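File shown here: query24.pdb, holding PDB, C-alpha atoms.
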```
MODEL        1
ATOM      1  CA  MET A   8       0.000   0.000   0.000
ATOM      2  CA  ARG A   9       1.367   3.419  -0.996
ATOM      3  CA  THR A  10       1.936   6.098   1.630
ATOM      4  CA  ILE A  11      -0.196   9.246   1.392
ATOM      5  CA  GLU A  12       1.267  12.430   2.867
ATOM      6  CA  THR A  13      -0.914  15.512   3.485
ATOM      7  CA  GLY A  14      -0.050  19.195   3.915
ATOM      8  CA  LEU A  15      -0.788  22.756   2.793
ATOM      9  CA  PHE A  16       0.343  24.901  -0.173
ATOM     10  CA  PRO A  17       1.327  27.671   0.777
ATOM     11  CA  GLY A  18      -0.214  27.454   4.202
ATOM     12  CA  ARG A  19      -3.815  27.453   2.953
ATOM     13  CA  MET A  20      -4.420  25.041   0.045
ATOM     14  CA  PRO A  21      -4.590  21.387   1.179
ATOM     15  CA  PHE A  22      -2.816  18.657  -0.737
ATOM     16  CA  ALA A  23      -2.145  14.935  -0.627
ATOM     17  CA  ARG A  24       1.139  13.602  -2.016
ATOM     18  CA  VAL A  25       1.715  10.041  -3.224
ATOM     19  CA  GLY A  26       5.324   9.221  -4.063
ATOM     20  CA  ARG A  27       8.302  11.575  -4.236
ATOM     21  CA  GLY A  28       9.905  11.119  -7.653
ATOM     22  CA  PRO A  29      11.556  14.005  -9.537
ATOM     23  CA  GLU A  30       8.421  14.484 -11.629
ATOM     24  CA  SER A  31       4.947  14.291 -10.107
ATOM     25  CA  LEU A  32       1.597  14.691 -11.799
ATOM     26  CA  LEU A  33      -0.285  17.640 -10.294
ATOM     27  CA  ILE A  34      -4.015  16.941  -9.988
ATOM     28  CA  ILE A  35      -6.649  19.587  -9.209
ATOM     29  CA  ASN A  36      -9.500  17.993  -7.292
ATOM     30  CA  GLY A  37     -13.157  18.126  -8.231
ATOM     31  CA  GLY A  38     -15.900  20.066  -6.491
ATOM     32  CA  GLN A  39     -15.913  17.788  -3.446
ATOM     33  CA  GLY A  40     -12.680  19.586  -2.578
ATOM     34  CA  PHE A  41     -14.639  22.687  -1.554
ATOM     35  CA  MET A  42     -18.053  21.157  -0.899
ATOM     36  CA  MET A  43     -16.573  19.240   2.033
ATOM     37  CA  LYS A  44     -14.168  20.397   4.736
ATOM     38  CA  PRO A  45     -10.580  19.729   3.631
ATOM     39  CA  GLU A  46      -9.790  17.251   6.384
ATOM     40  CA  PRO A  47      -6.687  15.067   5.813
ATOM     41  CA  SER A  48      -8.869  11.939   5.870
ATOM     42  CA  ARG A  49     -10.978  13.377   3.038
ATOM     43  CA  LEU A  50      -7.916  14.074   0.892
ATOM     44  CA  GLU A  51      -6.457  10.662   1.663
ATOM     45  CA  LYS A  52      -9.670   9.007   0.506
ATOM     46  CA  ASP A  53      -9.674  10.992  -2.743
ATOM     47  CA  ALA A  54      -5.985  10.191  -3.310
ATOM     48  CA  GLY A  55      -6.708   6.510  -2.708
ATOM     49  CA  ARG A  56      -9.292   6.533  -5.499
ATOM     50  CA  LEU A  57      -6.776   8.136  -7.841
ATOM     51  CA  ILE A  58      -4.196   5.449  -7.086
ATOM     52  CA  ARG A  59      -6.684   2.942  -8.509
ATOM     53  CA  ILE A  60      -7.147   4.731 -11.854
ATOM     54  CA  LEU A  61      -3.627   6.048 -12.534
ATOM     55  CA  PRO A  62      -0.817   3.960 -14.057
ATOM     56  CA  PRO A  63       1.008   1.863 -11.419
ATOM     57  CA  ASP A  64       3.532   3.740  -9.274
ATOM     58  CA  THR A  65       2.538   7.160 -10.636
ATOM     59  CA  ASN A  66       3.830   9.910  -8.356
ATOM     60  CA  PHE A  67       1.217  12.611  -7.942
ATOM     61  CA  VAL A  68       0.069  15.515  -5.814
ATOM     62  CA  LEU A  69      -3.674  16.050  -5.386
ATOM     63  CA  ILE A  70      -4.468  19.659  -4.538
ATOM     64  CA  GLY A  71      -7.702  20.947  -3.050
ATOM     65  CA  TYR A  72      -9.171  24.362  -2.356
ATOM     66  CA  ASP A  73      -8.654  27.165   0.127
ATOM     67  CA  PRO A  74     -11.477  26.651   2.692
ATOM     68  CA  ASP A  75     -11.702  30.419   3.216
ATOM     69  CA  PRO A  76     -11.485  31.959  -0.267
ATOM     70  CA  LYS A  77     -11.390  35.691  -0.930
ATOM     71  CA  ALA A  78     -14.651  37.524  -1.576
ATOM     72  CA  ASP A  79     -13.471  38.323  -5.132
ATOM     73  CA  LEU A  80     -12.667  34.685  -5.938
ATOM     74  CA  SER A  81     -12.327  34.096  -9.683
ATOM     75  CA  LEU A  82     -11.151  31.429 -12.110
ATOM     76  CA  GLU A  83      -8.283  33.708 -13.071
ATOM     77  CA  GLY A  84      -7.228  33.974  -9.427
ATOM     78  CA  MET A  85      -7.455  30.211  -8.878
ATOM     79  CA  ALA A  86      -5.375  29.599 -12.003
ATOM     80  CA  GLY A  87      -2.810  32.084 -10.706
ATOM     81  CA  ASP A  88      -2.611  30.226  -7.392
ATOM     82  CA  ILE A  89      -1.967  26.919  -9.175
ATOM     83  CA  ALA A  90       0.665  28.553 -11.405
ATOM     84  CA  GLU A  91       2.454  29.891  -8.332
ATOM     85  CA  ILE A  92       2.438  26.441  -6.730
ATOM     86  CA  ILE A  93       3.861  24.928  -9.929
ATOM     87  CA  ASP A  94       6.547  27.612 -10.160
ATOM     88  CA  VAL A  95       7.725  27.122  -6.577
ATOM     89  CA  ASN A  96       7.275  23.371  -6.038
ATOM     90  CA  PHE A  97       7.437  21.487  -9.356
ATOM     91  CA  LYS A  98       9.820  20.812 -12.207
ATOM     92  CA  LYS A  99       8.451  22.628 -15.255
ATOM     93  CA  PRO A 100       6.729  21.877 -17.515
ATOM     94  CA  VAL A 101       4.465  19.833 -15.264
ATOM     95  CA  GLY A 102       1.881  17.188 -16.060
ATOM     96  CA  LEU A 103      -1.436  18.709 -14.970
ATOM     97  CA  MET A 104      -4.739  16.881 -14.555
ATOM     98  CA  GLY A 105      -8.042  18.476 -13.605
ATOM     99  CA  ILE A 106     -11.042  16.480 -12.430
ATOM    100  CA  SER A 107     -14.509  17.946 -13.096
ATOM    101  CA  TYR A 108     -14.474  21.485 -11.603
ATOM    102  CA  GLY A 109     -10.689  21.222 -11.362
ATOM    103  CA  GLY A 110     -10.434  20.624 -15.101
ATOM    104  CA  VAL A 111     -11.828  24.071 -15.867
ATOM    105  CA  ILE A 112      -9.100  25.580 -13.673
ATOM    106  CA  ALA A 113      -6.448  23.350 -15.266
ATOM    107  CA  THR A 114      -7.527  24.529 -18.724
ATOM    108  CA  ARG A 115      -7.123  28.154 -17.634
ATOM    109  CA  VAL A 116      -3.647  27.410 -16.204
ATOM    110  CA  ALA A 117      -2.529  25.755 -19.461
ATOM    111  CA  ALA A 118      -3.855  28.690 -21.508
ATOM    112  CA  ARG A 119      -2.399  31.476 -19.334
ATOM    113  CA  TYR A 120       0.906  29.795 -18.442
ATOM    114  CA  PRO A 121       1.771  27.573 -21.441
ATOM    115  CA  ASP A 122       5.419  27.180 -20.401
ATOM    116  CA  PHE A 123       4.317  25.661 -17.093
ATOM    117  CA  VAL A 124       2.237  22.770 -18.490
ATOM    118  CA  GLY A 125       3.625  20.001 -20.703
ATOM    119  CA  LYS A 126       0.752  17.509 -20.418
ATOM    120  CA  LEU A 127      -2.890  18.394 -19.749
ATOM    121  CA  ILE A 128      -5.573  15.872 -18.798
ATOM    122  CA  LEU A 129      -9.214  16.861 -18.385
ATOM    123  CA  LEU A 130     -11.019  14.010 -16.647
ATOM    124  CA  ALA A 131     -14.838  14.255 -16.708
ATOM    125  CA  SER A 132     -14.307  17.897 -17.572
ATOM    126  CA  ALA A 133     -13.962  20.524 -20.297
ATOM    127  CA  TYR A 134     -13.087  24.213 -20.614
ATOM    128  CA  GLY A 135     -16.458  25.104 -19.082
ATOM    129  CA  PHE A 136     -19.784  23.709 -17.924
ATOM    130  CA  SER A 137     -22.550  22.887 -20.390
ATOM    131  CA  ALA A 138     -25.894  24.708 -20.343
ATOM    132  CA  ASP A 139     -27.378  21.858 -18.272
ATOM    133  CA  GLY A 140     -24.323  21.897 -16.032
ATOM    134  CA  LYS A 141     -24.761  25.618 -15.352
ATOM    135  CA  LYS A 142     -28.402  25.033 -14.408
ATOM    136  CA  ARG A 143     -27.228  22.429 -11.904
ATOM    137  CA  LEU A 144     -24.683  24.885 -10.507
ATOM    138  CA  GLN A 145     -27.371  27.542 -10.108
ATOM    139  CA  LYS A 146     -29.549  25.114  -8.143
ATOM    140  CA  GLN A 147     -26.599  24.214  -5.949
ATOM    141  CA  ILE A 148     -25.938  27.913  -5.311
ATOM    142  CA  GLN A 149     -29.551  28.414  -4.218
ATOM    143  CA  PHE A 150     -29.383  25.480  -1.814
ATOM    144  CA  ALA A 151     -26.013  26.562  -0.393
ATOM    145  CA  LYS A 152     -27.196  30.145   0.159
ATOM    146  CA  ALA A 153     -30.256  28.839   2.013
ATOM    147  CA  GLU A 154     -28.049  26.325   3.905
ATOM    148  CA  GLN A 155     -30.290  23.533   2.644
ATOM    149  CA  PHE A 156     -27.476  21.006   2.763
ATOM    150  CA  HIS A 157     -29.665  17.924   2.498
ATOM    151  CA  ALA A 158     -31.161  19.239  -0.742
ATOM    152  CA  LEU A 159     -27.679  20.164  -1.972
ATOM    153  CA  LEU A 160     -26.397  16.641  -1.383
ATOM    154  CA  GLN A 161     -29.546  15.221  -2.942
ATOM    155  CA  GLU A 162     -28.469  16.887  -6.214
ATOM    156  CA  PHE A 163     -25.730  14.270  -6.545
ATOM    157  CA  THR A 164     -27.987  11.224  -6.251
ATOM    158  CA  THR A 165     -28.640  11.112 -10.003
ATOM    159  CA  VAL A 166     -25.080  11.353 -11.331
ATOM    160  CA  PHE A 167     -24.389   7.643 -11.820
ATOM    161  CA  ARG A 168     -25.442   5.741 -14.937
ATOM    162  CA  ARG A 169     -26.281   2.614 -12.982
ATOM    163  CA  PRO A 170     -29.547   3.075 -11.038
ATOM    164  CA  TRP A 171     -28.432   0.910  -8.112
ATOM    165  CA  LEU A 172     -25.491   3.252  -7.437
ATOM    166  CA  ASN A 173     -27.826   6.248  -7.327
ATOM    167  CA  LEU A 174     -30.085   4.276  -4.987
ATOM    168  CA  LEU A 175     -27.121   3.405  -2.773
ATOM    169  CA  LEU A 176     -26.208   7.103  -2.598
ATOM    170  CA  ARG A 177     -29.793   7.971  -1.573
ATOM    171  CA  PHE A 178     -29.725   5.323   1.162
ATOM    172  CA  ARG A 179     -26.447   6.702   2.454
ATOM    173  CA  LEU A 180     -27.872  10.206   2.513
ATOM    174  CA  SER A 181     -30.932   8.950   4.399
ATOM    175  CA  PHE A 182     -28.946   7.114   7.054
ATOM    176  CA  GLU A 183     -25.823   9.278   7.280
ATOM    177  CA  GLY A 184     -27.251  12.659   6.287
ATOM    178  CA  ARG A 185     -26.441  14.460   9.538
ATOM    179  CA  ARG A 186     -22.883  13.158   9.614
ATOM    180  CA  LEU A 187     -22.317  14.129   5.976
ATOM    181  CA  ILE A 188     -23.762  17.600   6.519
ATOM    182  CA  ALA A 189     -21.482  18.125   9.519
ATOM    183  CA  ARG A 190     -18.498  17.558   7.220
ATOM    184  CA  MET A 191     -19.562  20.116   4.632
ATOM    185  CA  GLY A 192     -17.669  23.345   4.052
ATOM    186  CA  ALA A 193     -18.884  26.823   4.949
ATOM    187  CA  PRO A 194     -21.923  27.845   2.861
ATOM    188  CA  SER A 195     -20.294  31.158   1.882
ATOM    189  CA  SER A 196     -17.218  29.341   0.542
ATOM    190  CA  ILE A 197     -19.288  26.855  -1.452
ATOM    191  CA  VAL A 198     -21.262  29.725  -2.994
ATOM    192  CA  ARG A 199     -18.091  31.639  -3.934
ATOM    193  CA  TYR A 200     -16.597  28.651  -5.727
ATOM    194  CA  LEU A 201     -19.799  27.856  -7.616
ATOM    195  CA  GLU A 202     -20.385  31.484  -8.620
ATOM    196  CA  ALA A 203     -16.780  31.806  -9.817
ATOM    197  CA  MET A 204     -17.449  29.005 -12.287
ATOM    198  CA  LEU A 205     -20.504  30.787 -13.685
ATOM    199  CA  ASP A 206     -18.254  33.775 -14.478
ATOM    200  CA  ASN A 207     -16.060  31.695 -16.794
ATOM    201  CA  ASP A 208     -15.103  33.852 -19.797
ATOM    202  CA  VAL A 209     -12.561  31.605 -21.548
ATOM    203  CA  THR A 210     -12.550  31.982 -25.352
ATOM    204  CA  ASN A 211     -11.449  29.849 -28.301
ATOM    205  CA  GLU A 212      -8.459  32.175 -28.617
ATOM    206  CA  ASP A 213      -7.481  31.281 -25.048
ATOM    207  CA  LEU A 214      -7.743  27.570 -25.843
ATOM    208  CA  ASN A 215      -5.677  28.067 -28.992
ATOM    209  CA  ASP A 216      -2.816  29.257 -26.755
ATOM    210  CA  ILE A 217      -2.569  25.847 -25.072
ATOM    211  CA  SER A 218       0.570  24.065 -26.256
ATOM    212  CA  ALA A 219       0.422  21.110 -23.832
ATOM    213  CA  ARG A 220      -0.193  17.612 -25.152
ATOM    214  CA  THR A 221      -3.832  17.174 -24.146
ATOM    215  CA  LEU A 222      -6.228  14.342 -23.320
ATOM    216  CA  ILE A 223      -9.936  14.922 -22.706
ATOM    217  CA  LEU A 224     -11.618  11.861 -21.213
ATOM    218  CA  GLY A 225     -15.217  11.600 -20.041
ATOM    219  CA  GLY A 226     -18.685  10.176 -20.457
ATOM    220  CA  GLU A 227     -20.967  10.773 -23.402
ATOM    221  CA  ARG A 228     -23.899  11.720 -21.147
ATOM    222  CA  ASP A 229     -21.942  13.766 -18.611
ATOM    223  CA  GLN A 230     -24.519  15.914 -16.782
ATOM    224  CA  PHE A 231     -22.063  18.790 -16.255
ATOM    225  CA  PHE A 232     -19.781  18.714 -19.307
ATOM    226  CA  GLY A 233     -21.832  16.936 -21.964
ATOM    227  CA  GLY A 234     -23.763  18.713 -24.676
ATOM    228  CA  GLY A 235     -20.696  19.006 -26.894
ATOM    229  CA  MET A 236     -18.476  20.774 -24.348
ATOM    230  CA  MET A 237     -15.752  18.109 -24.430
ATOM    231  CA  GLU A 238     -15.873  18.052 -28.227
ATOM    232  CA  ALA A 239     -15.657  21.866 -28.404
ATOM    233  CA  THR A 240     -12.678  21.844 -26.052
ATOM    234  CA  ALA A 241     -10.870  19.215 -28.107
ATOM    235  CA  SER A 242     -11.475  21.054 -31.383
ATOM    236  CA  ALA A 243     -10.062  24.315 -29.975
ATOM    237  CA  ILE A 244      -6.885  22.829 -28.427
ATOM    238  CA  LYS A 245      -4.351  21.926 -31.092
ATOM    239  CA  GLY A 246      -3.790  18.184 -31.347
ATOM    240  CA  ALA A 247      -5.974  17.331 -28.343
ATOM    241  CA  LYS A 248      -7.017  13.694 -28.020
ATOM    242  CA  LEU A 249     -10.688  13.203 -27.180
ATOM    243  CA  THR A 250     -11.954   9.941 -25.677
ATOM    244  CA  VAL A 251     -15.681   9.802 -24.947
ATOM    245  CA  LEU A 252     -17.022   6.696 -23.215
ATOM    246  CA  GLY A 253     -20.346   5.785 -24.775
ATOM    247  CA  ASP A 254     -23.502   6.167 -22.680
ATOM    248  CA  GLU A 255     -21.486   7.030 -19.538
ATOM    249  CA  THR A 256     -22.209   9.956 -17.234
ATOM    250  CA  HIS A 257     -20.171  12.286 -15.028
ATOM    251  CA  MET A 258     -19.191   9.307 -12.885
ATOM    252  CA  ALA A 259     -17.424   7.468 -15.705
ATOM    253  CA  PRO A 260     -14.120   7.494 -13.729
ATOM    254  CA  VAL A 261     -15.887   5.439 -11.037
ATOM    255  CA  GLU A 262     -18.153   3.253 -13.144
ATOM    256  CA  ARG A 263     -15.615   2.572 -15.918
ATOM    257  CA  MET A 264     -12.488   2.554 -13.788
ATOM    258  CA  SER A 265     -10.585  -0.049 -15.813
ATOM    259  CA  ASP A 266     -11.237   1.735 -19.120
ATOM    260  CA  VAL A 267     -10.260   5.098 -17.635
ATOM    261  CA  ARG A 268      -7.053   3.571 -16.249
ATOM    262  CA  LYS A 269      -6.221   2.112 -19.674
ATOM    263  CA  HIS A 270      -6.680   5.426 -21.480
ATOM    264  CA  LEU A 271      -4.705   7.340 -18.854
ATOM    265  CA  GLN A 272      -1.870   4.820 -18.980
ATOM    266  CA  GLU A 273      -1.677   5.041 -22.785
ATOM    267  CA  PHE A 274      -1.540   8.835 -22.640
ATOM    268  CA  ILE A 275       0.791   9.296 -19.666
TER
ENDMDL
END
```
Please re-express this file's structure in structure tokens.
Amino acid sequence: MRTIETGLFPGRMPFARVGRGPESLLIINGGQGFMMKPEPSRLEKDAGRLIRILPPDTNFVLIGYDPDPKADLSLEGMAGDIAEIIDVNFKKPVGLMGISYGGVIATRVAARYPDFVGKLILLASAYGFSADGKKRLQKQIQFAKAEQFHALLQEFTTVFRRPWLNLLLRFRLSFEGRRLIARMGAPSSIVRYLEAMLDNDVTNEDLNDISARTLILGGERDQFFGGGMMEATASAIKGAKLTVLGDETHMAPVERMSDVRKHLQEFI
């Protein structure tokens, strides 16, 4: 079993490190990184899932989100924070992977700081959310503002393709709802991160500036990044490789773990 080390960059952004080779893949976590409190056990669990889908013995650093973001939080600011972390702590150009929400940030980093990123992987992600994805974000913002955490968590009980997994998630919410809610982040922080994503103003010209070798990997029926968003991202980034898993949803990395691992191994 691989050792998982946790810490903070630079004193405020939580991370989990697996392995200590000269080159490590930097991974920006998905939205659970700010939806839930950034406890070390949370990051360790997320890192453990990544160990199962990455090529064997891959050294990586999974980075989360500042639990107390600035009032003027923006995608540009988050990309700047990641670029600073790369500049100070990693050998450039780095391999950068973004999962879901984190993929939008990773895209912005690769566009704004092309010399910093040599490989770019967008997993269940694209340069921005689809129209349906934005509607889901707006609902989540409403629930977070009203501190209706049970309803907010309920939003995620339809993300799997397999009905029994959605049912299992509903059962867990029914029986462990209070415990899950107690582990959620501050409502104001959740709202800031979600609203920052709605202000995404990336253009095709921005995507054309990306020089990193790029893989976009996700499900055909992704509820947040479907609707042609992955295809549009691939067409705008020179030489990008697009792999869409047929009939899969946003949870393709969980439900099609072996296929995702195969595609990542071929690319990395």
Subject >> Spatial neighbours of Glu238 of chain A, max dist 12 Å, all atoms listed in the file, sep filter under 4 positions, as a PyMOL selection string >> reply: chain A and resi 129+132-135+137+222-227+232-234+242-244+247-251
Original post:
How many Å separate atom CA of Gly84 of chain A from atom CA of Thr256 of chain A?
Top reply: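 Between atom CA of Gly84 of chain A and atom CA of Thr256 of chain A the gap is 29.4 Å.
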Original post:
So how many Å separate atom CA of Met264 of chain A and atom CA of Thr65 of chain A, to one decimal?
Top reply: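 Result for atom CA of Met264 of chain A versus atom CA of Thr65 of chain A: 16.0 Å, one decimal.
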Original post:
Excluding same-chain residues fewer than 2 positions from Val124 of chain A, what lies within 12 Å of it counting all atoms listed in the file, as a ChimeraX atom specification?
Top reply: /A:32-33,89-90,93-94,97-104,113-122,126-128,216-221
**OP:** Grab the atom CA of Asn173 of chain A to atom CA of Glu51 of chain A distance for me, in Å with one decimal place.
**Re:** 23.6 Å
**OP:** In the coordinates of the file, take the point (-20.2, 29.7, -11.3) and a cut-off of 9 Å; then, counting only C-alpha atoms, name each qualifying protein, DNA or RNA residue as a PyMOL selection string.
**Re:** chain A and resi 136+141+144-145+148+198-207
**OP:** Report as JSON, numbers by chain the full result of the PyMOL selection byres ((chain A and resi 150) around 12) when it is applied to this structure.
**Re:** {"A": [143, 144, 145, 146, 147, 148, 149, 151, 152, 153, 154, 155, 156, 157, 158, 159, 160, 161, 162, 194, 195, 197, 198, 201]}
**OP:** Please identify all polymer residues within 8 Å of Pro45 of chain A, counting only C-alpha atoms, omitting same-chain residues fewer than 5 positions from it, and present them as an NGL selection string.
**Re:** :A and (21 or 40 or 50 or 71-72 or 74 or 192)
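If you measure from each of A:Ile35, A:Ala138, A:Ala54, A:Val209 to Gly110 of chain A using all atoms listed in the file, the closest one turns out to be A:Ile35.
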**OP:** Determine, counting only C-alpha atoms, which protein, DNA and RNA residues have an atom within 10 Å of an atom of Ser48 of chain A; residues of the same chain fewer than 4 positions away are not included. Present the result as a VMD selection string.
**Re:** chain A and resid 13 23 52 to 54
